[in-house]
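Dropping structure-v4.txt in here (compact mmCIF, C-alpha atoms):
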# COMPACT_ATOMS: atom_id res chain seq x y z
CA VAL U 21 -14.40 12.90 3.86
CA ASP U 22 -11.25 11.65 2.15
CA GLU U 23 -9.56 8.33 3.03
CA ALA U 24 -12.91 7.40 4.58
CA HIS U 25 -11.78 3.86 5.45
CA CYS U 26 -9.91 5.45 8.38
CA ILE U 27 -13.25 5.81 10.17
CA SER U 28 -13.63 2.04 10.55
CA GLN U 29 -11.78 -0.11 13.05
CA TRP U 30 -12.02 -2.92 10.51
CA GLY U 31 -10.13 -1.00 7.84
CA GLN U 32 -6.46 -0.06 7.73
CA ASP U 33 -5.16 3.17 9.27
CA PHE U 34 -8.03 3.48 11.75
CA ARG U 35 -7.92 6.98 13.24
CA PRO U 36 -10.09 7.77 16.28
CA SER U 37 -10.18 11.44 15.24
CA TYR U 38 -12.33 10.42 12.25
CA LEU U 39 -15.08 9.41 14.71
CA LYS U 40 -15.44 13.09 15.63
CA ILE U 41 -16.31 14.12 12.07
CA ILE U 42 -20.02 13.49 12.44
CA ASP U 43 -20.10 15.49 15.71
CA PHE U 44 -18.55 18.43 13.87
CA VAL U 45 -20.99 18.11 10.96
CA GLU U 46 -23.99 18.02 13.29
CA GLN U 47 -22.91 21.34 14.81
CA LEU U 48 -23.04 23.07 11.44
CA PRO U 49 -26.12 25.08 10.45
CA GLY U 50 -28.44 23.52 7.93
CA ASN U 51 -28.11 20.00 6.65
CA PRO U 52 -24.85 19.72 4.70
CA ILE U 53 -24.46 16.95 2.16
CA ILE U 54 -21.67 14.50 3.00
CA SER U 55 -19.56 12.64 0.47
CA ALA U 56 -17.05 9.97 1.51
CA PHE U 57 -14.25 8.63 -0.66
CA THR U 58 -11.89 5.68 -0.37
CA ALA U 59 -10.10 3.28 -2.68
CA THR U 60 -9.75 0.37 -0.25
CA ALA U 61 -13.10 -0.41 1.39
CA THR U 62 -14.25 -3.97 1.85
CA GLU U 63 -18.01 -4.54 2.29
CA VAL U 64 -17.70 -4.34 6.08
CA VAL U 65 -15.76 -1.07 5.94
CA LYS U 66 -18.17 0.40 3.39
CA ASN U 67 -21.09 -0.31 5.73
CA ASP U 68 -19.14 1.20 8.64
CA ILE U 69 -18.56 4.42 6.70
CA ALA U 70 -22.28 4.82 6.00
CA ARG U 71 -23.28 3.98 9.58
CA ILE U 72 -20.75 6.16 11.43
CA LEU U 73 -21.25 9.16 9.17
CA LYS U 74 -25.04 8.65 9.49
CA LEU U 75 -25.54 8.72 5.73
CA LYS U 76 -29.24 8.50 4.84
CA ASN U 77 -30.03 6.44 1.74
CA PRO U 78 -26.59 7.18 0.31
CA ASN U 79 -25.88 6.99 -3.38
CA VAL U 80 -23.09 4.39 -3.38
CA VAL U 81 -20.82 4.43 -6.43
CA VAL U 82 -18.24 1.67 -6.87
CA THR U 83 -16.07 2.22 -9.93
CA GLY U 84 -14.39 -1.17 -9.64
CA PHE U 85 -11.02 -2.28 -8.33
CA ASP U 86 -9.40 -3.47 -11.55
CA ARG U 87 -6.50 -1.24 -12.60
CA GLU U 88 -6.04 -2.74 -16.05
CA ASN U 89 -2.73 -0.96 -16.77
CA LEU U 90 -0.99 -2.48 -13.72
CA TYR U 91 1.04 -5.68 -13.95
CA TYR U 92 1.21 -7.65 -10.68
CA GLN U 93 4.17 -9.85 -9.84
CA VAL U 94 5.31 -11.82 -6.75
CA GLU U 95 8.95 -12.83 -6.40
CA HIS U 96 10.02 -15.36 -3.76
CA LEU U 97 13.43 -13.89 -2.97
CA THR U 98 15.45 -13.12 0.14
CA GLY U 99 18.36 -10.91 1.21
CA LYS U 100 21.00 -10.45 -1.46
CA GLN U 101 18.72 -11.97 -4.09
CA LYS U 102 16.28 -9.08 -3.64
CA ASP U 103 19.05 -6.50 -3.78
CA ILE U 104 20.45 -7.95 -7.02
CA PHE U 105 16.95 -8.12 -8.55
CA ILE U 106 16.25 -4.48 -7.63
CA GLN U 107 19.59 -3.27 -8.97
CA ASN U 108 19.00 -5.08 -12.28
CA TYR U 109 15.39 -3.90 -12.40
CA ILE U 110 16.35 -0.23 -12.02
CA GLU U 111 19.08 -0.62 -14.66
CA THR U 112 16.56 -2.02 -17.13
CA HIS U 113 14.10 0.81 -16.38
CA PRO U 114 16.32 3.87 -16.93
CA ASN U 115 14.85 7.32 -16.39
CA GLU U 116 11.63 5.87 -14.97
CA SER U 117 10.16 6.95 -11.65
CA GLY U 118 9.68 4.23 -9.05
CA ILE U 119 8.77 3.71 -5.40
CA ILE U 120 10.32 1.00 -3.23
CA TYR U 121 8.42 0.31 -0.01
CA CYS U 122 10.15 -1.26 2.98
CA ALA U 123 8.63 -2.48 6.25
CA THR U 124 11.19 -0.80 8.53
CA ARG U 125 13.28 2.37 8.66
CA LYS U 126 16.40 0.22 8.91
CA ASN U 127 15.61 -1.48 5.60
CA VAL U 128 14.97 1.91 4.00
CA ASP U 129 18.33 3.29 5.14
CA THR U 130 20.29 0.13 4.22
CA LEU U 131 18.83 -0.15 0.71
CA TYR U 132 19.21 3.60 0.16
CA GLU U 133 22.96 3.42 0.93
CA LYS U 134 23.41 0.44 -1.40
CA LEU U 135 21.64 2.06 -4.34
CA LEU U 136 23.36 5.38 -3.74
CA LYS U 137 26.76 3.68 -3.98
CA GLN U 138 25.65 2.07 -7.24
CA GLY U 139 24.97 5.50 -8.73
CA VAL U 140 21.18 5.34 -8.66
CA SER U 141 19.33 8.65 -8.50
CA VAL U 142 17.63 7.84 -5.21
CA THR U 143 16.15 9.48 -2.14
CA ARG U 144 14.45 8.13 1.01
CA TYR U 145 11.51 8.88 3.27
CA HIS U 146 10.51 7.65 6.74
CA ALA U 147 9.21 9.01 10.04
CA GLY U 148 12.68 9.01 11.62
CA MET U 149 13.77 11.89 9.41
CA SER U 150 13.13 15.58 10.16
CA ASN U 151 10.16 17.31 8.54
CA ASP U 152 12.42 19.46 6.37
CA ILE U 153 14.41 16.50 5.07
CA ARG U 154 11.25 14.47 4.41
CA LYS U 155 9.74 17.38 2.49
CA LYS U 156 12.89 17.77 0.39
CA SER U 157 12.93 14.03 -0.36
CA GLN U 158 9.27 14.11 -1.34
CA ASP U 159 9.74 17.17 -3.57
CA ASP U 160 12.86 15.69 -5.19
CA PHE U 161 10.84 12.66 -6.18
CA ILE U 162 7.69 14.50 -7.26
CA TYR U 163 9.63 16.93 -9.45
CA ASP U 164 11.83 14.21 -10.97
CA ARG U 165 15.04 15.35 -9.32
CA ALA U 166 15.32 11.80 -7.94
CA GLN U 167 14.38 8.76 -10.01
CA VAL U 168 13.61 6.42 -7.09
CA VAL U 169 12.29 6.92 -3.57
CA ILE U 170 12.71 4.26 -0.87
CA ALA U 171 10.17 4.63 1.89
CA THR U 172 8.11 3.14 4.67
CA ASN U 173 4.33 3.30 4.38
CA ALA U 174 4.56 6.80 5.93
CA PHE U 175 5.16 7.93 2.33
CA GLY U 176 2.36 8.33 -0.12
CA MET U 177 -0.70 9.79 1.59
CA GLY U 178 -1.78 12.61 -0.71
CA ILE U 179 0.97 11.92 -3.25
CA ASP U 180 -0.37 12.53 -6.74
CA LYS U 181 2.51 11.78 -9.09
CA SER U 182 1.12 10.43 -12.32
CA ASN U 183 4.24 8.98 -13.96
CA VAL U 184 5.30 6.35 -11.39
CA ARG U 185 6.20 3.42 -13.62
CA TYR U 186 6.80 0.84 -10.90
CA VAL U 187 6.19 0.14 -7.23
CA LEU U 188 8.39 -2.49 -5.61
CA HIS U 189 7.64 -3.90 -2.16
CA TYR U 190 10.87 -4.95 -0.47
CA ASN U 191 8.79 -6.58 2.27
CA MET U 192 5.29 -7.97 2.35
CA PRO U 193 2.72 -5.42 3.68
CA GLN U 194 0.44 -6.26 6.59
CA SER U 195 -2.73 -6.44 4.50
CA LEU U 196 -4.09 -6.41 0.98
CA GLU U 197 -5.64 -3.01 1.73
CA TYR U 198 -2.18 -1.57 2.34
CA TYR U 199 -0.76 -3.35 -0.70
CA TYR U 200 -3.53 -2.27 -3.06
CA GLN U 201 -3.27 1.34 -1.91
CA GLU U 202 0.53 1.48 -2.17
CA ALA U 203 0.81 -0.48 -5.42
CA GLY U 204 -1.93 1.73 -6.84
CA ARG U 205 0.40 4.73 -6.79
CA ALA U 206 1.87 3.32 -10.00
CA GLY U 207 0.48 4.21 -13.41
CA ARG U 208 -1.96 6.93 -12.44
CA ASP U 209 -1.49 8.42 -15.90
CA GLY U 210 -3.12 5.30 -17.35
CA GLU U 211 0.11 4.09 -18.95
CA GLU U 212 1.56 0.64 -18.30
CA ALA U 213 3.17 0.16 -14.87
CA GLU U 214 4.46 -2.73 -12.77
CA CYS U 215 3.89 -3.75 -9.15
CA VAL U 216 6.42 -6.26 -7.82
CA LEU U 217 6.16 -7.74 -4.34
CA PHE U 218 9.09 -9.63 -2.80
CA PHE U 219 8.09 -12.38 -0.39
CA SER U 220 9.96 -14.62 2.00
CA LYS U 221 9.01 -16.51 5.15
CA GLN U 222 10.93 -13.90 7.13
CA ASP U 223 8.32 -11.33 6.09
CA ILE U 224 5.70 -13.29 8.04
CA MET U 225 7.76 -13.03 11.22
CA ILE U 226 8.47 -9.31 10.64
CA ASN U 227 4.78 -8.52 10.26
CA LYS U 228 3.80 -10.58 13.29
CA ARG U 229 6.34 -8.64 15.35
CA LEU U 230 5.00 -5.34 13.98
CA LEU U 231 1.45 -6.34 14.91
CA GLN U 232 2.64 -7.36 18.37
CA TYR U 233 4.46 -4.04 18.76
CA LYS U 234 1.36 -2.08 17.77
CA SER U 235 -0.62 -3.97 20.38
CA THR U 236 1.86 -3.61 23.27
CA SER U 237 2.70 0.04 22.48
CA GLY U 238 -0.92 1.13 22.50
CA GLN U 239 -0.99 1.88 18.76
CA ALA U 240 -3.66 -0.77 18.27
CA SER U 241 -6.74 -1.80 20.21
CA ASP U 242 -6.46 -4.60 22.76
CA ASP U 243 -9.87 -5.84 21.62
CA PRO U 244 -9.43 -9.58 20.83
CA ALA U 245 -11.83 -9.30 17.88
CA LEU U 246 -9.80 -6.50 16.31
CA ARG U 247 -6.53 -8.32 16.89
CA ALA U 248 -8.05 -11.38 15.24
CA ASN U 249 -9.09 -9.22 12.30
CA GLU U 250 -5.53 -7.91 11.90
CA GLN U 251 -4.27 -11.50 11.89
CA ARG U 252 -6.93 -12.49 9.35
CA LYS U 253 -5.83 -9.69 7.02
CA LEU U 254 -2.21 -10.73 7.39
CA ASN U 255 -3.18 -14.31 6.54
CA GLU U 256 -4.93 -13.11 3.37
CA MET U 257 -1.79 -11.18 2.42
CA ILE U 258 0.26 -14.36 2.86
CA ARG U 259 -2.24 -16.28 0.73
CA TYR U 260 -1.83 -13.69 -2.03
CA CYS U 261 1.93 -14.18 -1.97
CA GLU U 262 1.67 -17.97 -2.06
CA THR U 263 -1.22 -18.47 -4.48
CA ASP U 264 -0.73 -19.88 -7.95
CA GLU U 265 -4.05 -18.38 -9.05
CA CYS U 266 -4.48 -15.08 -10.91
CA LEU U 267 -3.12 -12.29 -8.71
CA ARG U 268 -5.47 -9.71 -10.19
CA GLN U 269 -8.52 -11.90 -9.58
CA PHE U 270 -7.34 -12.54 -6.01
CA ILE U 271 -7.30 -8.79 -5.30
CA LEU U 272 -10.67 -8.19 -6.95
CA SER U 273 -12.29 -11.02 -5.00
CA TYR U 274 -10.86 -9.73 -1.73
CA PHE U 275 -12.63 -6.40 -2.23
CA GLY U 276 -15.85 -8.06 -3.31
CA ASP U 277 -15.48 -7.15 -6.98
CA ASN U 278 -16.75 -10.16 -8.91
CA SER U 279 -16.12 -8.68 -12.33
CA PRO U 280 -14.67 -11.16 -14.82
CA CYS U 281 -10.92 -10.84 -15.10
CA THR U 282 -9.14 -11.18 -18.43
CA CYS U 283 -5.64 -11.06 -17.09
CA GLU U 284 -2.40 -11.84 -18.88
CA LYS U 285 -1.16 -9.03 -16.66
CA CYS U 286 0.24 -10.90 -13.66
CA SER U 287 3.16 -13.23 -13.05
CA ASN U 288 0.87 -16.21 -12.43
CA CYS U 289 -0.99 -15.85 -15.71
CA VAL U 290 1.79 -14.90 -18.11
CA VAL U 291 3.53 -17.95 -19.51
CA VAL U 292 7.29 -17.39 -19.70
CA GLU U 293 8.66 -19.21 -22.73
Here is a file; write its structure as structure tokens.
Amino acid sequence: VDEAHCISQWGQDFRPSYLKIIDFVEQLPGNPIISAFTATATEVVKNDIARILKLKNPNVVVTGFDRENLYYQVEHLTGKQKDIFIQNYIETHPNESGIIYCATRKNVDTLYEKLLKQGVSVTRYHAGMSNDIRKKSQDDFIYDRAQVVIATNAFGMGIDKSNVRYVLHYNMPQSLEYYYQEAGRAGRDGEEAECVLFFSKQDIMINKRLLQYKSTSGQASDDPALRANEQRKLNEMIRYCETDECLRQFILSYFGDNSPCTCEKCSNCVVVE
């Protein structure tokens, strides 16, 4: 079972279809061995995976959440400031592959047009595009025909491109699970990579509206406990953006990884002279 966190209502990307997996398995002859994999399970979600899949005395392997080759950075910028930063960033990282995540399709399209006019080798990806165009955009990025892809979080599931040198978040994600998963698409070859998150107070309002939309449109449960959990995760994401503590340690602690952190690899720990 891949992306096993999807089986838990307390994780991100909960998918009711995942609840049918165990029914399917129990119809199979014999007693098949089940393995479940995820990169973003908190302790609660990990326990949910074992319970729902009816794993008996499972061998639980946690390899740790510290991606030592990733540099984490939070920039408190808005509007034109972000656009100028991104333009300068891409110029100082020539011929490097990068992903820019945006919260909305509108932001994807607007930033895409701006970078295209500036001569950046760029493509885009969101659910409002046709399947053929999305596939072409994805292939152009994977096979290095486009240097940068601008996308909503619809982009990335199953993407295995090893040489992504940076992941920029134009808007704050809704949770640290989303952020860790998306930022983690950088540096899969083990080489140095950077993860930069842009934060402004407007991001808080955008995410609250998105959560409200999910609730009223039926995309999310109307269970008060689950809505409260979504708000809690958003609050933790805000805390990450506002903390002056080590960003790497903040992420590790969130996922219950108490390993000691020797950082010097985040914007809160590196002293700029």
| For Asp243 in chain U, which residue among U:Gln201, U:Gln29, U:Ile72, U:Asp22 is the nearest when counting only C-alpha atoms? | U:Gln29
| CA of Ser150 in chain U and CA of Lys126 in chain U are how many Å apart? | 15.8 Å
| query | In terms of the shortest atom-to-atom distance over only C-alpha atoms, which of U:His146, U:Ala24, U:Ala59, U:Ala123 is closest to Arg87 in chain U? | reply |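 Under the stated criterion, the closest residue is U:Ala59.
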If you take every atom of range 250-261 of chain U that the file lists and fit an axis-aligned box around them with 6 Å extra on each side, what centre and edge lengths come out in Å to one decimal, as JSON?
{"center_x": -2.5, "center_y": -12.1, "center_z": 4.9, "size_x": 20.9, "size_y": 20.4, "size_z": 25.9}
| query | Which is closer to Ser182 in chain U than all the others in U:Cys215, U:Ile258, U:Ile162, U:Val140, using all atoms listed in the file? | reply |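 Nearest to Ser182 in chain U: U:Ile162.
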| request: With only C-alpha atoms counted, which protein, DNA or RNA residues have an atom no more than 12 Å from (11.3, 3.6, -19.1) in the file frame? Please answer as a list in words. | output: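 The residues near that point, listed by chain and number, are Tyr109, Ile110, Glu111, Thr112, His113, Pro114, Asn115, Glu116, Ser117, Gly118, Gln167, Asn183, Val184, Arg185, Tyr186, Glu211, Glu212, Ala213 and Glu214 of chain U.
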Please reconstruct the missing atoms of range 54-90 of chain U (target: N, CA and C atoms) and return them as a short mmCIF file (atom, residue, chain, number, x, y, z; two decimals), keeping the file's coordinate frame.
data_model
loop_
_atom_site.label_atom_id
_atom_site.label_comp_id
_atom_site.auth_asym_id
_atom_site.auth_seq_id
_atom_site.Cartn_x
_atom_site.Cartn_y
_atom_site.Cartn_z
N ILE U 54 -22.96 15.14 2.74
CA ILE U 54 -21.67 14.50 3.00
C ILE U 54 -21.33 13.53 1.88
N SER U 55 -20.10 13.63 1.40
CA SER U 55 -19.56 12.64 0.47
C SER U 55 -18.35 11.99 1.12
N ALA U 56 -18.19 10.70 0.93
CA ALA U 56 -17.05 9.97 1.51
C ALA U 56 -16.35 9.19 0.41
N PHE U 57 -15.02 9.25 0.41
CA PHE U 57 -14.25 8.63 -0.66
C PHE U 57 -13.15 7.72 -0.10
N THR U 58 -12.98 6.59 -0.72
CA THR U 58 -11.89 5.68 -0.37
C THR U 58 -11.65 4.74 -1.53
N ALA U 59 -10.43 4.23 -1.61
CA ALA U 59 -10.10 3.28 -2.68
C ALA U 59 -9.95 1.86 -2.15
N THR U 60 -10.10 1.68 -0.83
CA THR U 60 -9.75 0.37 -0.25
C THR U 60 -10.80 -0.15 0.73
N ALA U 61 -12.07 0.03 0.45
CA ALA U 61 -13.10 -0.41 1.39
C ALA U 61 -13.64 -1.78 1.03
N THR U 62 -13.54 -2.71 1.97
CA THR U 62 -14.25 -3.97 1.85
C THR U 62 -15.72 -3.70 2.17
N GLU U 63 -16.58 -4.73 2.03
CA GLU U 63 -18.01 -4.54 2.29
C GLU U 63 -18.26 -4.10 3.73
N VAL U 64 -17.52 -4.69 4.67
CA VAL U 64 -17.70 -4.34 6.08
C VAL U 64 -17.33 -2.88 6.32
N VAL U 65 -16.22 -2.45 5.76
CA VAL U 65 -15.76 -1.07 5.94
C VAL U 65 -16.72 -0.10 5.27
N LYS U 66 -17.21 -0.46 4.10
CA LYS U 66 -18.17 0.40 3.39
C LYS U 66 -19.42 0.62 4.24
N ASN U 67 -19.91 -0.44 4.87
CA ASN U 67 -21.09 -0.31 5.73
C ASN U 67 -20.78 0.54 6.96
N ASP U 68 -19.57 0.39 7.50
CA ASP U 68 -19.14 1.20 8.64
C ASP U 68 -19.15 2.69 8.30
N ILE U 69 -18.62 3.02 7.13
CA ILE U 69 -18.56 4.42 6.70
C ILE U 69 -19.96 5.03 6.69
N ALA U 70 -20.91 4.31 6.09
CA ALA U 70 -22.28 4.82 6.00
C ALA U 70 -22.91 4.95 7.37
N ARG U 71 -22.66 3.98 8.25
CA ARG U 71 -23.28 3.98 9.58
C ARG U 71 -22.71 5.09 10.46
N ILE U 72 -21.38 5.20 10.52
CA ILE U 72 -20.75 6.16 11.43
C ILE U 72 -20.98 7.59 10.98
N LEU U 73 -21.00 7.82 9.68
CA LEU U 73 -21.25 9.16 9.17
C LEU U 73 -22.75 9.47 9.07
N LYS U 74 -23.58 8.49 9.46
CA LYS U 74 -25.04 8.65 9.49
C LYS U 74 -25.58 9.07 8.13
N LEU U 75 -25.08 8.42 7.09
CA LEU U 75 -25.54 8.72 5.73
C LEU U 75 -26.93 8.14 5.53
N LYS U 76 -27.86 8.93 5.03
CA LYS U 76 -29.24 8.50 4.84
C LYS U 76 -29.48 8.16 3.37
N ASN U 77 -29.79 6.91 3.12
CA ASN U 77 -30.03 6.44 1.74
C ASN U 77 -28.92 6.93 0.81
N PRO U 78 -27.69 6.64 1.12
CA PRO U 78 -26.59 7.18 0.31
C PRO U 78 -26.57 6.61 -1.10
N ASN U 79 -26.11 7.43 -2.01
CA ASN U 79 -25.88 6.99 -3.38
C ASN U 79 -24.47 6.39 -3.42
N VAL U 80 -24.38 5.08 -3.45
CA VAL U 80 -23.09 4.39 -3.38
C VAL U 80 -22.59 4.11 -4.80
N VAL U 81 -21.42 4.63 -5.11
CA VAL U 81 -20.82 4.43 -6.43
C VAL U 81 -19.53 3.65 -6.27
N VAL U 82 -19.46 2.48 -6.88
CA VAL U 82 -18.24 1.67 -6.87
C VAL U 82 -17.74 1.58 -8.30
N THR U 83 -16.58 2.17 -8.54
CA THR U 83 -16.07 2.22 -9.93
C THR U 83 -15.32 0.96 -10.30
N GLY U 84 -15.13 0.05 -9.35
CA GLY U 84 -14.39 -1.17 -9.64
C GLY U 84 -12.96 -1.08 -9.14
N PHE U 85 -12.36 -2.23 -8.91
CA PHE U 85 -11.02 -2.28 -8.33
C PHE U 85 -9.95 -2.71 -9.34
N ASP U 86 -10.36 -2.95 -10.57
CA ASP U 86 -9.40 -3.47 -11.55
C ASP U 86 -8.66 -2.33 -12.24
N ARG U 87 -7.37 -2.20 -11.91
CA ARG U 87 -6.50 -1.24 -12.60
C ARG U 87 -5.84 -1.99 -13.76
N GLU U 88 -6.43 -1.89 -14.93
CA GLU U 88 -6.04 -2.74 -16.05
C GLU U 88 -4.61 -2.47 -16.54
N ASN U 89 -4.07 -1.28 -16.27
CA ASN U 89 -2.73 -0.96 -16.77
C ASN U 89 -1.62 -1.44 -15.83
N LEU U 90 -2.00 -2.03 -14.68
CA LEU U 90 -0.99 -2.48 -13.72
C LEU U 90 -0.69 -3.97 -13.90
#
